[in-house]
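This is query17.pdb (PDB, C-alpha atoms).
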```pdb
ATOM      1  CA  MET Y  87      11.464 144.734 110.499
ATOM      2  CA  GLU Y  88       7.883 144.822 109.302
ATOM      3  CA  ARG Y  89       5.203 146.140 111.606
ATOM      4  CA  ARG Y  90       3.409 142.791 111.842
ATOM      5  CA  THR Y  91       6.655 141.244 113.116
ATOM      6  CA  VAL Y  92       6.851 143.855 115.877
ATOM      7  CA  PHE Y  93       3.345 142.967 116.920
ATOM      8  CA  LYS Y  94       4.320 139.310 117.238
ATOM      9  CA  LEU Y  95       7.179 140.319 119.525
ATOM     10  CA  ALA Y  96       4.878 142.508 121.587
ATOM     11  CA  ILE Y  97       2.229 139.855 121.997
ATOM     12  CA  GLY Y  98       4.855 137.250 122.896
ATOM     13  CA  GLY Y  99       2.791 134.457 121.372
ATOM     14  CA  ALA Y 100      -0.308 135.031 123.506
ATOM     15  CA  VAL Y 101      -3.462 133.834 121.778
ATOM     16  CA  LEU Y 102      -6.968 134.360 123.116
ATOM     17  CA  ALA Y 103      -8.932 131.120 122.984
ATOM     18  CA  SER Y 104     -12.206 131.203 121.095
ATOM     19  CA  THR Y 105     -14.072 130.861 124.381
ATOM     20  CA  GLY Y 106     -11.988 133.486 126.181
ATOM     21  CA  PHE Y 107     -14.509 136.313 126.018
ATOM     22  CA  SER Y 108     -17.327 134.188 127.432
ATOM     23  CA  ALA Y 109     -15.281 133.737 130.587
ATOM     24  CA  PHE Y 110     -14.860 137.495 130.813
ATOM     25  CA  THR Y 111     -18.403 138.538 129.940
ATOM     26  CA  SER Y 112     -20.076 136.051 132.299
ATOM     27  CA  ALA Y 113     -19.095 138.119 135.327
ATOM     28  CA  ILE Y 114     -19.075 141.580 133.750
ATOM     29  CA  ALA Y 115     -20.136 144.602 135.751
ATOM     30  CA  GLN Y 116     -20.214 142.956 139.150
ATOM     31  CA  GLY Y 117     -18.445 146.144 140.135
ATOM     32  CA  LYS Y 118     -18.520 149.637 138.728
ATOM     33  CA  ASP Y 119     -14.866 150.340 139.443
ATOM     34  CA  ILE Y 120     -11.995 149.989 137.002
ATOM     35  CA  VAL Y 121      -8.477 149.751 138.399
ATOM     36  CA  TYR Y 122      -5.193 150.445 136.674
ATOM     37  CA  LEU Y 123      -2.126 148.490 137.806
ATOM     38  CA  THR Y 124       0.869 150.624 136.901
ATOM     39  CA  PRO Y 125       4.612 149.990 137.274
ATOM     40  CA  GLY Y 126       5.254 153.341 138.980
ATOM     41  CA  LEU Y 127       3.433 156.671 139.071
ATOM     42  CA  ASP Y 128       6.701 158.463 139.801
ATOM     43  CA  LEU Y 129       7.487 158.123 136.082
ATOM     44  CA  PRO Y 130       5.584 160.787 134.089
ATOM     45  CA  PHE Y 131       4.736 158.355 131.288
ATOM     46  CA  TRP Y 132       2.618 156.170 133.562
ATOM     47  CA  ARG Y 133       1.004 159.184 135.198
ATOM     48  CA  TYR Y 134      -0.061 160.546 131.796
ATOM     49  CA  LEU Y 135      -1.365 157.132 130.732
ATOM     50  CA  SER Y 136      -3.321 156.887 133.974
ATOM     51  CA  LYS Y 137      -4.958 160.263 133.327
ATOM     52  CA  GLY Y 138      -6.054 159.074 129.893
ATOM     53  CA  ILE Y 139      -7.690 155.951 131.332
ATOM     54  CA  GLU Y 140      -9.361 157.994 134.053
ATOM     55  CA  SER Y 141     -10.787 160.420 131.501
ATOM     56  CA  ALA Y 142     -12.282 157.629 129.387
ATOM     57  CA  VAL Y 143     -13.815 155.517 132.164
ATOM     58  CA  LYS Y 144     -15.180 158.347 134.295
ATOM     59  CA  ALA Y 145     -16.919 159.775 131.233
ATOM     60  CA  LYS Y 146     -18.935 156.539 131.168
ATOM     61  CA  GLY Y 147     -19.781 156.623 134.865
ATOM     62  CA  TYR Y 148     -17.199 154.164 136.194
ATOM     63  CA  GLY Y 149     -15.150 154.657 139.338
ATOM     64  CA  TYR Y 150     -11.384 154.661 138.905
ATOM     65  CA  GLN Y 151      -8.288 153.905 140.948
ATOM     66  CA  ALA Y 152      -4.616 153.663 139.953
ATOM     67  CA  LEU Y 153      -2.543 151.232 142.046
ATOM     68  CA  ASP Y 154       1.227 151.756 142.035
ATOM     69  CA  SER Y 155       3.346 148.585 141.827
ATOM     70  CA  HIS Y 156       6.619 150.454 142.564
ATOM     71  CA  ASN Y 157       8.296 148.370 139.831
ATOM     72  CA  SER Y 158       7.779 145.230 141.934
ATOM     73  CA  ALA Y 159       6.154 142.136 140.428
ATOM     74  CA  GLN Y 160       5.113 141.015 143.911
ATOM     75  CA  THR Y 161       3.398 144.330 144.653
ATOM     76  CA  GLN Y 162       1.708 144.185 141.251
ATOM     77  CA  LEU Y 163       0.344 140.707 142.056
ATOM     78  CA  GLN Y 164      -0.848 141.841 145.492
ATOM     79  CA  ASN Y 165      -2.611 144.844 143.947
ATOM     80  CA  ALA Y 166      -4.320 142.485 141.503
ATOM     81  CA  GLN Y 167      -5.409 140.137 144.292
ATOM     82  CA  ASP Y 168      -6.807 143.053 146.343
ATOM     83  CA  SER Y 169      -8.712 144.377 143.324
ATOM     84  CA  ILE Y 170     -10.192 140.964 142.538
ATOM     85  CA  THR Y 171     -11.202 140.449 146.176
ATOM     86  CA  ARG Y 172     -13.202 143.674 146.211
ATOM     87  CA  GLY Y 173     -14.932 142.751 142.958
ATOM     88  CA  VAL Y 174     -13.833 145.401 140.495
ATOM     89  CA  GLY Y 175     -15.453 145.476 137.062
ATOM     90  CA  GLY Y 176     -12.211 145.416 135.105
ATOM     91  CA  ILE Y 177      -8.439 145.595 135.368
ATOM     92  CA  ILE Y 178      -6.128 147.566 133.079
ATOM     93  CA  ILE Y 179      -2.476 146.658 133.552
ATOM     94  CA  SER Y 180       0.878 147.960 132.416
ATOM     95  CA  PRO Y 181       2.979 145.003 133.605
ATOM     96  CA  THR Y 182       6.207 145.477 135.530
ATOM     97  CA  ASP Y 183       7.629 143.164 132.869
ATOM     98  CA  SER Y 184       6.272 140.749 130.269
ATOM     99  CA  SER Y 185       7.331 137.608 132.158
ATOM    100  CA  THR Y 186       5.329 138.405 135.323
ATOM    101  CA  ALA Y 187       2.120 139.556 133.614
ATOM    102  CA  PRO Y 188       0.731 136.001 133.135
ATOM    103  CA  SER Y 189       0.312 135.581 136.909
ATOM    104  CA  VAL Y 190      -2.075 138.545 137.019
ATOM    105  CA  LEU Y 191      -3.902 137.414 133.878
ATOM    106  CA  GLN Y 192      -4.451 133.963 135.339
ATOM    107  CA  LEU Y 193      -5.914 135.339 138.583
ATOM    108  CA  ALA Y 194      -8.264 137.654 136.695
ATOM    109  CA  GLN Y 195      -9.393 134.900 134.329
ATOM    110  CA  ARG Y 196     -10.282 132.615 137.244
ATOM    111  CA  ALA Y 197     -12.355 135.427 138.767
ATOM    112  CA  GLY Y 198     -14.055 136.264 135.467
ATOM    113  CA  ILE Y 199     -12.689 139.819 135.453
ATOM    114  CA  PRO Y 200     -11.672 141.240 132.047
ATOM    115  CA  VAL Y 201      -8.159 142.605 131.551
ATOM    116  CA  VAL Y 202      -6.822 145.142 129.074
ATOM    117  CA  ILE Y 203      -3.047 145.450 128.721
ATOM    118  CA  ALA Y 204      -1.740 148.991 128.288
ATOM    119  CA  ASP Y 205       1.811 148.800 126.912
ATOM    120  CA  ILE Y 206       4.709 146.469 127.874
ATOM    121  CA  GLY Y 207       3.032 143.240 126.709
ATOM    122  CA  THR Y 208       2.879 139.731 128.123
ATOM    123  CA  ASN Y 209       4.615 136.462 127.367
ATOM    124  CA  SER Y 210       1.377 134.483 127.646
ATOM    125  CA  GLY Y 211      -2.135 134.537 129.037
ATOM    126  CA  GLU Y 212      -5.587 135.741 128.054
ATOM    127  CA  TYR Y 213      -6.691 139.364 127.827
ATOM    128  CA  ALA Y 214      -9.360 141.353 126.030
ATOM    129  CA  SER Y 215      -7.174 143.893 124.212
ATOM    130  CA  PHE Y 216      -3.571 145.087 124.026
ATOM    131  CA  ILE Y 217      -2.816 148.772 123.477
ATOM    132  CA  ILE Y 218       0.741 149.246 122.259
ATOM    133  CA  SER Y 219       2.953 151.843 120.643
ATOM    134  CA  ASP Y 220       4.987 150.829 117.612
ATOM    135  CA  ASN Y 221       8.165 150.758 119.710
ATOM    136  CA  TYR Y 222      10.311 149.342 116.946
ATOM    137  CA  ARG Y 223       9.350 152.049 114.434
ATOM    138  CA  GLY Y 224       9.586 154.827 117.024
ATOM    139  CA  ALA Y 225      13.065 153.746 118.139
ATOM    140  CA  HIS Y 226      14.096 153.234 114.512
ATOM    141  CA  ASP Y 227      13.210 156.890 113.836
ATOM    142  CA  VAL Y 228      15.232 157.930 116.903
ATOM    143  CA  GLY Y 229      18.240 155.977 115.624
ATOM    144  CA  THR Y 230      17.960 157.531 112.168
ATOM    145  CA  ALA Y 231      17.733 161.045 113.629
ATOM    146  CA  LEU Y 232      20.740 160.487 115.902
ATOM    147  CA  ALA Y 233      22.758 159.071 112.987
ATOM    148  CA  ALA Y 234      21.952 162.173 110.929
ATOM    149  CA  ALA Y 235      23.015 164.474 113.778
ATOM    150  CA  LEU Y 236      26.264 162.533 114.236
ATOM    151  CA  LYS Y 237      26.934 162.765 110.517
ATOM    152  CA  GLU Y 238      26.450 166.547 110.561
ATOM    153  CA  LYS Y 239      29.192 166.717 113.203
ATOM    154  CA  GLY Y 240      31.447 164.301 111.338
ATOM    155  CA  TRP Y 241      31.101 161.826 114.214
ATOM    156  CA  GLU Y 242      29.434 158.915 112.409
ATOM    157  CA  GLY Y 243      32.441 156.743 113.302
ATOM    158  CA  GLY Y 244      32.250 157.423 117.046
ATOM    159  CA  ASP Y 245      30.906 155.263 119.863
ATOM    160  CA  VAL Y 246      27.219 155.055 120.772
ATOM    161  CA  ALA Y 247      25.849 153.464 123.959
ATOM    162  CA  ILE Y 248      22.403 152.686 125.359
ATOM    163  CA  VAL Y 249      20.827 153.018 128.791
ATOM    164  CA  ALA Y 250      17.873 150.675 128.332
ATOM    165  CA  ILE Y 251      14.624 149.847 130.032
ATOM    166  CA  SER Y 252      14.351 146.201 131.086
ATOM    167  CA  GLN Y 253      15.082 143.868 128.197
ATOM    168  CA  ALA Y 254      12.701 141.380 129.812
ATOM    169  CA  ARG Y 255       9.977 143.664 128.472
ATOM    170  CA  LYS Y 256       8.840 143.141 124.890
ATOM    171  CA  ASN Y 257       8.795 146.900 124.317
ATOM    172  CA  GLY Y 258      12.379 147.147 125.603
ATOM    173  CA  GLN Y 259      13.539 144.540 123.112
ATOM    174  CA  ALA Y 260      11.783 146.372 120.280
ATOM    175  CA  ARG Y 261      13.310 149.738 121.266
ATOM    176  CA  THR Y 262      16.828 148.344 121.298
ATOM    177  CA  GLN Y 263      16.540 146.571 117.956
ATOM    178  CA  GLY Y 264      14.725 149.458 116.291
ATOM    179  CA  PHE Y 265      17.312 151.969 117.458
ATOM    180  CA  LEU Y 266      20.273 149.875 116.295
ATOM    181  CA  ASP Y 267      18.654 149.269 112.900
ATOM    182  CA  GLY Y 268      17.883 152.980 112.525
ATOM    183  CA  LEU Y 269      21.450 153.933 113.403
ATOM    184  CA  LYS Y 270      22.861 151.658 110.724
ATOM    185  CA  GLU Y 271      20.358 152.719 108.087
ATOM    186  CA  GLY Y 272      21.161 156.348 108.911
ATOM    187  CA  GLY Y 273      24.819 155.822 108.027
ATOM    188  CA  PHE Y 274      26.370 155.205 111.452
ATOM    189  CA  THR Y 275      29.651 153.322 111.034
ATOM    190  CA  GLY Y 276      31.007 153.470 114.582
ATOM    191  CA  ARG Y 277      31.040 151.106 117.523
ATOM    192  CA  GLU Y 278      28.128 150.038 119.690
ATOM    193  CA  ALA Y 279      29.615 150.703 123.105
ATOM    194  CA  GLY Y 280      27.390 148.497 125.210
ATOM    195  CA  MET Y 281      24.188 148.780 127.196
ATOM    196  CA  GLN Y 282      23.145 149.304 130.821
ATOM    197  CA  GLN Y 283      19.661 148.199 131.959
ATOM    198  CA  MET Y 284      17.593 150.296 134.346
ATOM    199  CA  GLN Y 285      16.195 148.790 137.522
ATOM    200  CA  SER Y 286      14.904 151.754 139.520
ATOM    201  CA  TYR Y 287      14.197 154.050 136.526
ATOM    202  CA  THR Y 288      15.506 157.120 138.344
ATOM    203  CA  THR Y 289      17.669 160.047 137.271
ATOM    204  CA  ASP Y 290      20.297 159.100 139.863
ATOM    205  CA  GLU Y 291      20.586 155.565 138.499
ATOM    206  CA  THR Y 292      21.084 156.812 134.933
ATOM    207  CA  PHE Y 293      23.489 159.509 136.146
ATOM    208  CA  LYS Y 294      25.707 156.722 137.519
ATOM    209  CA  PHE Y 295      25.297 154.567 134.413
ATOM    210  CA  THR Y 296      26.312 157.508 132.225
ATOM    211  CA  GLN Y 297      29.353 158.251 134.364
ATOM    212  CA  ASP Y 298      30.469 154.635 133.972
ATOM    213  CA  ILE Y 299      29.860 154.679 130.221
ATOM    214  CA  LEU Y 300      31.823 157.916 129.767
ATOM    215  CA  THR Y 301      34.737 156.534 131.771
ATOM    216  CA  ALA Y 302      34.828 153.275 129.822
ATOM    217  CA  ASN Y 303      34.357 154.912 126.408
ATOM    218  CA  PRO Y 304      36.413 158.092 125.935
ATOM    219  CA  GLY Y 305      35.303 158.164 122.285
ATOM    220  CA  LEU Y 306      31.592 158.247 123.135
ATOM    221  CA  ARG Y 307      29.657 160.488 120.745
ATOM    222  CA  GLY Y 308      26.074 159.318 121.159
ATOM    223  CA  LEU Y 309      23.814 158.047 123.934
ATOM    224  CA  PHE Y 310      20.267 156.654 123.772
ATOM    225  CA  ILE Y 311      18.181 156.747 126.971
ATOM    226  CA  GLN Y 312      15.111 154.541 126.549
ATOM    227  CA  THR Y 313      12.656 156.450 128.721
ATOM    228  CA  ASP Y 314      11.913 159.983 129.841
ATOM    229  CA  GLN Y 315      12.926 161.167 133.340
ATOM    230  CA  PRO Y 316      16.190 159.160 133.437
ATOM    231  CA  ALA Y 317      17.416 161.134 130.410
ATOM    232  CA  MET Y 318      17.790 164.111 132.744
ATOM    233  CA  GLY Y 319      20.310 162.112 134.777
ATOM    234  CA  ALA Y 320      22.332 161.389 131.636
ATOM    235  CA  LEU Y 321      22.447 165.071 130.696
ATOM    236  CA  ARG Y 322      23.538 165.935 134.228
ATOM    237  CA  ALA Y 323      26.369 163.390 134.078
ATOM    238  CA  ILE Y 324      27.565 164.762 130.732
ATOM    239  CA  LYS Y 325      27.675 168.260 132.209
ATOM    240  CA  ALA Y 326      29.508 167.022 135.311
ATOM    241  CA  ALA Y 327      32.123 165.414 133.040
ATOM    242  CA  ARG Y 328      32.455 168.715 131.135
ATOM    243  CA  LYS Y 329      31.486 167.007 127.907
ATOM    244  CA  ASP Y 330      28.686 169.399 126.938
ATOM    245  CA  GLY Y 331      28.365 169.388 123.167
ATOM    246  CA  GLU Y 332      30.678 166.390 122.831
ATOM    247  CA  VAL Y 333      28.031 163.683 123.310
ATOM    248  CA  LEU Y 334      24.695 163.795 121.467
ATOM    249  CA  VAL Y 335      21.759 162.514 123.500
ATOM    250  CA  ALA Y 336      18.634 160.825 122.156
ATOM    251  CA  ALA Y 337      15.694 159.962 124.394
ATOM    252  CA  PHE Y 338      12.378 158.147 124.378
ATOM    253  CA  ASP Y 339       8.962 159.208 125.699
ATOM    254  CA  GLY Y 340       8.484 162.817 126.714
ATOM    255  CA  ILE Y 341       8.249 165.182 129.678
ATOM    256  CA  PRO Y 342       7.740 168.953 129.653
ATOM    257  CA  ASP Y 343      11.432 169.460 130.530
ATOM    258  CA  PHE Y 344      12.289 168.040 127.104
ATOM    259  CA  VAL Y 345      10.735 170.961 125.229
ATOM    260  CA  PRO Y 346      13.428 173.583 125.972
ATOM    261  CA  LEU Y 347      16.134 170.910 125.654
ATOM    262  CA  LEU Y 348      14.940 170.030 122.155
ATOM    263  CA  GLU Y 349      14.600 173.692 121.261
ATOM    264  CA  SER Y 350      18.199 174.343 122.323
ATOM    265  CA  GLY Y 351      19.548 171.153 120.732
ATOM    266  CA  GLU Y 352      20.752 169.758 124.067
ATOM    267  CA  LEU Y 353      18.514 166.820 123.191
ATOM    268  CA  VAL Y 354      18.739 165.770 119.538
ATOM    269  CA  VAL Y 355      15.539 163.714 119.376
ATOM    270  CA  SER Y 356      12.963 161.960 121.521
ATOM    271  CA  GLY Y 357      10.648 159.212 120.275
ATOM    272  CA  MET Y 358       7.543 160.362 122.099
ATOM    273  CA  GLN Y 359       4.881 157.806 122.786
ATOM    274  CA  GLN Y 360       1.460 159.325 123.316
ATOM    275  CA  PRO Y 361       0.612 157.977 126.779
ATOM    276  CA  TYR Y 362      -2.512 160.058 127.355
ATOM    277  CA  LEU Y 363      -3.929 158.803 124.062
ATOM    278  CA  MET Y 364      -2.858 155.250 124.947
ATOM    279  CA  GLY Y 365      -4.736 155.599 128.222
ATOM    280  CA  VAL Y 366      -7.868 156.817 126.480
ATOM    281  CA  ARG Y 367      -7.733 153.893 124.039
ATOM    282  CA  SER Y 368      -7.189 151.454 126.937
ATOM    283  CA  GLY Y 369     -10.184 152.831 128.832
ATOM    284  CA  GLU Y 370     -12.340 152.699 125.709
ATOM    285  CA  ALA Y 371     -11.374 149.066 125.086
ATOM    286  CA  MET Y 372     -12.342 148.128 128.635
ATOM    287  CA  ILE Y 373     -15.678 149.914 128.331
ATOM    288  CA  ASP Y 374     -16.372 147.996 125.113
ATOM    289  CA  VAL Y 375     -15.821 144.717 126.975
ATOM    290  CA  LEU Y 376     -18.066 145.792 129.846
ATOM    291  CA  ASP Y 377     -20.725 146.786 127.285
ATOM    292  CA  GLY Y 378     -20.621 143.282 125.808
ATOM    293  CA  LYS Y 379     -18.670 144.315 122.706
ATOM    294  CA  THR Y 380     -15.443 142.848 121.356
ATOM    295  CA  PRO Y 381     -12.629 145.407 121.087
ATOM    296  CA  GLU Y 382      -9.799 144.923 118.639
ATOM    297  CA  LYS Y 383      -7.295 142.438 120.006
ATOM    298  CA  GLU Y 384      -4.474 144.850 119.293
ATOM    299  CA  ILE Y 385      -4.680 148.640 119.113
ATOM    300  CA  THR Y 386      -1.603 150.514 117.933
ATOM    301  CA  VAL Y 387      -0.833 154.133 118.807
ATOM    302  CA  PRO Y 388       1.865 155.874 116.720
ATOM    303  CA  ILE Y 389       5.051 157.365 118.184
ATOM    304  CA  LEU Y 390       6.084 160.939 117.388
ATOM    305  CA  ALA Y 391       9.756 161.439 116.475
ATOM    306  CA  VAL Y 392      10.226 164.939 117.904
ATOM    307  CA  THR Y 393      13.545 166.571 117.026
ATOM    308  CA  SER Y 394      15.276 169.881 117.589
ATOM    309  CA  LYS Y 395      14.155 170.744 114.053
ATOM    310  CA  ASN Y 396      10.429 169.934 114.220
ATOM    311  CA  ILE Y 397       9.612 170.681 117.874
ATOM    312  CA  ALA Y 398       7.694 173.897 117.067
ATOM    313  CA  GLU Y 399       5.475 172.088 114.573
ATOM    314  CA  GLU Y 400       4.783 169.086 116.829
ATOM    315  CA  LEU Y 401       4.318 170.944 120.131
ATOM    316  CA  PRO Y 402       0.501 171.461 119.988
ATOM    317  CA  THR Y 403      -0.066 167.711 119.551
ATOM    318  CA  VAL Y 404       2.593 166.840 122.137
ATOM    319  CA  LYS Y 405       0.936 169.024 124.791
ATOM    320  CA  GLU Y 406      -2.327 167.111 124.518
ATOM    321  CA  THR Y 407      -1.515 163.476 123.722
ATOM    322  CA  VAL Y 408       1.904 163.204 125.411
ATOM    323  CA  PHE Y 409       1.737 165.601 128.356
ATOM    324  CA  ALA Y 410      -1.983 165.159 129.158
ATOM    325  CA  ASN Y 411      -2.432 168.947 129.010
ATOM    326  CA  GLU Y 412      -0.264 169.420 132.101
ATOM    327  CA  VAL Y 413       1.669 172.191 130.302
TER
END
```

Taking this structure as input, can you express it in the form of structure tokens?
Amino acid sequence: MERRTVFKLAIGGAVLASTGFSAFTSAIAQGKDIVYLTPGLDLPFWRYLSKGIESAVKAKGYGYQALDSHNSAQTQLQNAQDSITRGVGGIIISPTDSSTAPSVLQLAQRAGIPVVIADIGTNSGEYASFIISDNYRGAHDVGTALAAALKEKGWEGGDVAIVAISQARKNGQARTQGFLDGLKEGGFTGREAGMQQMQSYTTDETFKFTQDILTANPGLRGLFIQTDQPAMGALRAIKAARKDGEVLVAAFDGIPDFVPLLESGELVVSGMQQPYLMGVRSGEAMIDVLDGKTPEKEITVPILAVTSKNIAEELPTVKETVFANEV
């Protein structure tokens, strides 16, 4: 899939009307606070992205607050309503899913408050800028790396399963398709052994999913976990089943715990988005709007395919742009 096609998936057909920015700029800077509506700060990815936004907006003198939606569309909408009521200058949102984002965008548009979307995407609605990772290409690279590792073991004909983020999210759809395409292009000839979709995004949830997958697929040789912390639950389930070394695990995003796992080969690869950098770009886009400028409609941040073979080389960059200098 070409990159421009991925972007069309991510945008979900949303087009900013030619008069859209006038609606935003007419009420700019009524407030000096910028809020970030996030799916859940318990997930490291969103915490790192939040820190990037905070760094960018505070450097320009704006106040900042991150509001946790706890993966609830209703809570997300309530957070948006509360922010609009108190007259914030701008809203940055990582939607709980692409289908519920338009409700927030509509409220903000009516109030004349500009919105920047940081990851996930929306099915429709107006916004000033969309900051997105190339999820398709990143997952494609993960699939290729896992296929190569399976081939080294002589397991290219085994079963591979997925524990996915919500497929109602545009980025989730891109990760699944990219991974499957990468697997095939990497020489995988085995069976796709199904997919489980996360709801709570916890290690315990993925632990249970992995147990079920292992039970249903005795020939499982590969597993792709589509976000960071839940991958730890998958590894724990593999150990509990005494299948260490028998199932190769690929992940997405990154947490500090991944570093020793990649170094030891317990994790084969992780497609690491750069959430801190995404946050900085999101904050910068919002500041441009508040300064009366027009940011790019779509800003793409590359994904790092970090493997057990290149982890030493990539680690300095990973520490800054992925882990927000927390390690």

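Here CA of Gln151 in chain Y and CA of Gln195 in chain Y stand 20.2 Å from one another.
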
Exactly which residues make up the result of the PyMOL selection byres ((chain Y and resi 266-282) around 7) on this file, given as a PDB file with C-alpha atoms, keeping the file's coordinate frame?
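Output (part_7.pdb):
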```pdb
ATOM      1  CA  HIS Y 226      14.096 153.234 114.512  1.00  0.00           C
ATOM      2  CA  ASP Y 227      13.210 156.890 113.836  1.00  0.00           C
ATOM      3  CA  GLY Y 229      18.240 155.977 115.624  1.00  0.00           C
ATOM      4  CA  THR Y 230      17.960 157.531 112.168  1.00  0.00           C
ATOM      5  CA  ALA Y 233      22.758 159.071 112.987  1.00  0.00           C
ATOM      6  CA  ALA Y 234      21.952 162.173 110.929  1.00  0.00           C
ATOM      7  CA  GLU Y 242      29.434 158.915 112.409  1.00  0.00           C
ATOM      8  CA  GLY Y 243      32.441 156.743 113.302  1.00  0.00           C
ATOM      9  CA  GLY Y 244      32.250 157.423 117.046  1.00  0.00           C
ATOM     10  CA  ASP Y 245      30.906 155.263 119.863  1.00  0.00           C
ATOM     11  CA  VAL Y 246      27.219 155.055 120.772  1.00  0.00           C
ATOM     12  CA  ALA Y 247      25.849 153.464 123.959  1.00  0.00           C
ATOM     13  CA  ILE Y 248      22.403 152.686 125.359  1.00  0.00           C
ATOM     14  CA  VAL Y 249      20.827 153.018 128.791  1.00  0.00           C
ATOM     15  CA  ALA Y 250      17.873 150.675 128.332  1.00  0.00           C
ATOM     16  CA  THR Y 262      16.828 148.344 121.298  1.00  0.00           C
ATOM     17  CA  GLN Y 263      16.540 146.571 117.956  1.00  0.00           C
ATOM     18  CA  GLY Y 264      14.725 149.458 116.291  1.00  0.00           C
ATOM     19  CA  PHE Y 265      17.312 151.969 117.458  1.00  0.00           C
ATOM     20  CA  GLN Y 283      19.661 148.199 131.959  1.00  0.00           C
ATOM     21  CA  MET Y 284      17.593 150.296 134.346  1.00  0.00           C
ATOM     22  CA  PHE Y 295      25.297 154.567 134.413  1.00  0.00           C
TER      23      PHE Y 295
END
```

Could you tell me how far CA of Ile218 in chain Y lies from CA of Gly149 in chain Y, in Å and to one decimal?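 Value for the CA of Ile218 in chain Y-CA of Gly149 in chain Y distance: 23.9 Å.
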
What residues come out when you apply the PyMOL selection byres ((chain Y and resi 392) around 7) to this file, written as a short mmCIF file (atom, residue, chain, number, x, y, z; two decimals) with C-alpha atoms, in the frame of the given file?
```cif
data_model
loop_
_atom_site.label_atom_id
_atom_site.label_comp_id
_atom_site.auth_asym_id
_atom_site.auth_seq_id
_atom_site.Cartn_x
_atom_site.Cartn_y
_atom_site.Cartn_z
CA VAL Y 355 15.54 163.71 119.38
CA SER Y 356 12.96 161.96 121.52
CA GLY Y 357 10.65 159.21 120.28
CA MET Y 358 7.54 160.36 122.10
CA LEU Y 390 6.08 160.94 117.39
CA ALA Y 391 9.76 161.44 116.48
CA THR Y 393 13.54 166.57 117.03
CA ASN Y 396 10.43 169.93 114.22
CA ILE Y 397 9.61 170.68 117.87
CA GLU Y 400 4.78 169.09 116.83
#
```

For this structure, which residues satisfy the selection - the PyMOL selection byres ((chain Y and resi 174) around 7) - when it is evaluated on the file as given? I want them as a PyMOL selection string. chain Y and resi 116-120+169-170+172-173+175-176

Write out as a list in words which residues come within 8 Å of Ile311 in chain Y when counting only C-alpha atoms, dropping same-chain ones fewer than 2 positions away. Ile248, Val249, Ala250, Leu309, Thr313, Asp314, Pro316, Ala317, Ala320, Val335, Ala336, Ala337 and Phe338 of chain Y

Rank nothing, just name the residue among Y:Val121, Y:Ala159, Y:Ala231, Y:Val387 nearest to Lys144 in chain Y, using all atoms listed in the file.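 Checking each candidate against Lys144 in chain Y, we get Y:Val121 as the closest.
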
Would you mind telling me which residue in Y:Arg307, Y:Arg255, Y:Arg223, Y:Lys237 lies nearest to Gly207 in chain Y when using all atoms listed in the file?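 Of Y:Arg307, Y:Arg255, Y:Arg223, Y:Lys237, the one nearest Gly207 in chain Y is Y:Arg255, counting all atoms listed in the file.
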
Quick one: what's the axis-aligned box for range 400-408 of chain Y, all listed atoms, 5 Å on every side, centre and edges in Å to one decimal, as AutoDock Vina command-line options?
```
--center_x 1.2 --center_y 167.3 --center_z 121.1 --size_x 17.1 --size_y 18.3 --size_z 18.6
```

Please provide the set of residues having any atom within 9 Å of Asp205 in chain Y, restricted to all atoms listed in the file, with same-chain residues fewer than 3 positions apart removed, written as a ChimeraX atom specification. /Y:96,179-181,216-219,257,364

Would you compute the distance between CA of Ile203 in chain Y and CA of Val408 in chain Y? Give it in Å to one decimal.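 So the answer is 18.7 Å.
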
Have a look at Y:Met318, Y:Leu129, Y:Ala254, Y:Ala142 and name the one nearest to Ser184 in chain Y; count all atoms listed in the file.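 Ranked by minimum distance to Ser184 in chain Y, first place goes to Y:Ala254.
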
Please reconstruct the missing atoms of range 234-239 of chain Y (target: N, CA, C and O atoms) and return them as a PDB file, in the frame of the given file.
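This went into out_5.pdb:
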```pdb
ATOM      1  N   ALA Y 234      21.861 160.958 111.757  1.00  0.00           N
ATOM      2  CA  ALA Y 234      21.952 162.173 110.929  1.00  0.00           C
ATOM      3  C   ALA Y 234      22.673 163.292 111.677  1.00  0.00           C
ATOM      4  O   ALA Y 234      23.500 164.020 111.093  1.00  0.00           O
ATOM      5  N   ALA Y 235      22.367 163.435 112.974  1.00  0.00           N
ATOM      6  CA  ALA Y 235      23.015 164.474 113.778  1.00  0.00           C
ATOM      7  C   ALA Y 235      24.504 164.190 113.944  1.00  0.00           C
ATOM      8  O   ALA Y 235      25.339 165.107 113.907  1.00  0.00           O
ATOM      9  N   LEU Y 236      24.853 162.911 114.133  1.00  0.00           N
ATOM     10  CA  LEU Y 236      26.264 162.533 114.236  1.00  0.00           C
ATOM     11  C   LEU Y 236      26.993 162.827 112.930  1.00  0.00           C
ATOM     12  O   LEU Y 236      28.133 163.316 112.924  1.00  0.00           O
ATOM     13  N   LYS Y 237      26.327 162.550 111.833  1.00  0.00           N
ATOM     14  CA  LYS Y 237      26.934 162.765 110.517  1.00  0.00           C
ATOM     15  C   LYS Y 237      27.203 164.250 110.272  1.00  0.00           C
ATOM     16  O   LYS Y 237      28.231 164.633 109.711  1.00  0.00           O
ATOM     17  N   GLU Y 238      26.272 165.096 110.707  1.00  0.00           N
ATOM     18  CA  GLU Y 238      26.450 166.547 110.561  1.00  0.00           C
ATOM     19  C   GLU Y 238      27.707 167.023 111.294  1.00  0.00           C
ATOM     20  O   GLU Y 238      28.365 167.973 110.868  1.00  0.00           O
ATOM     21  N   LYS Y 239      28.014 166.357 112.407  1.00  0.00           N
ATOM     22  CA  LYS Y 239      29.192 166.717 113.203  1.00  0.00           C
ATOM     23  C   LYS Y 239      30.462 166.029 112.713  1.00  0.00           C
ATOM     24  O   LYS Y 239      31.551 166.314 113.204  1.00  0.00           O
TER      25      LYS Y 239
END
```
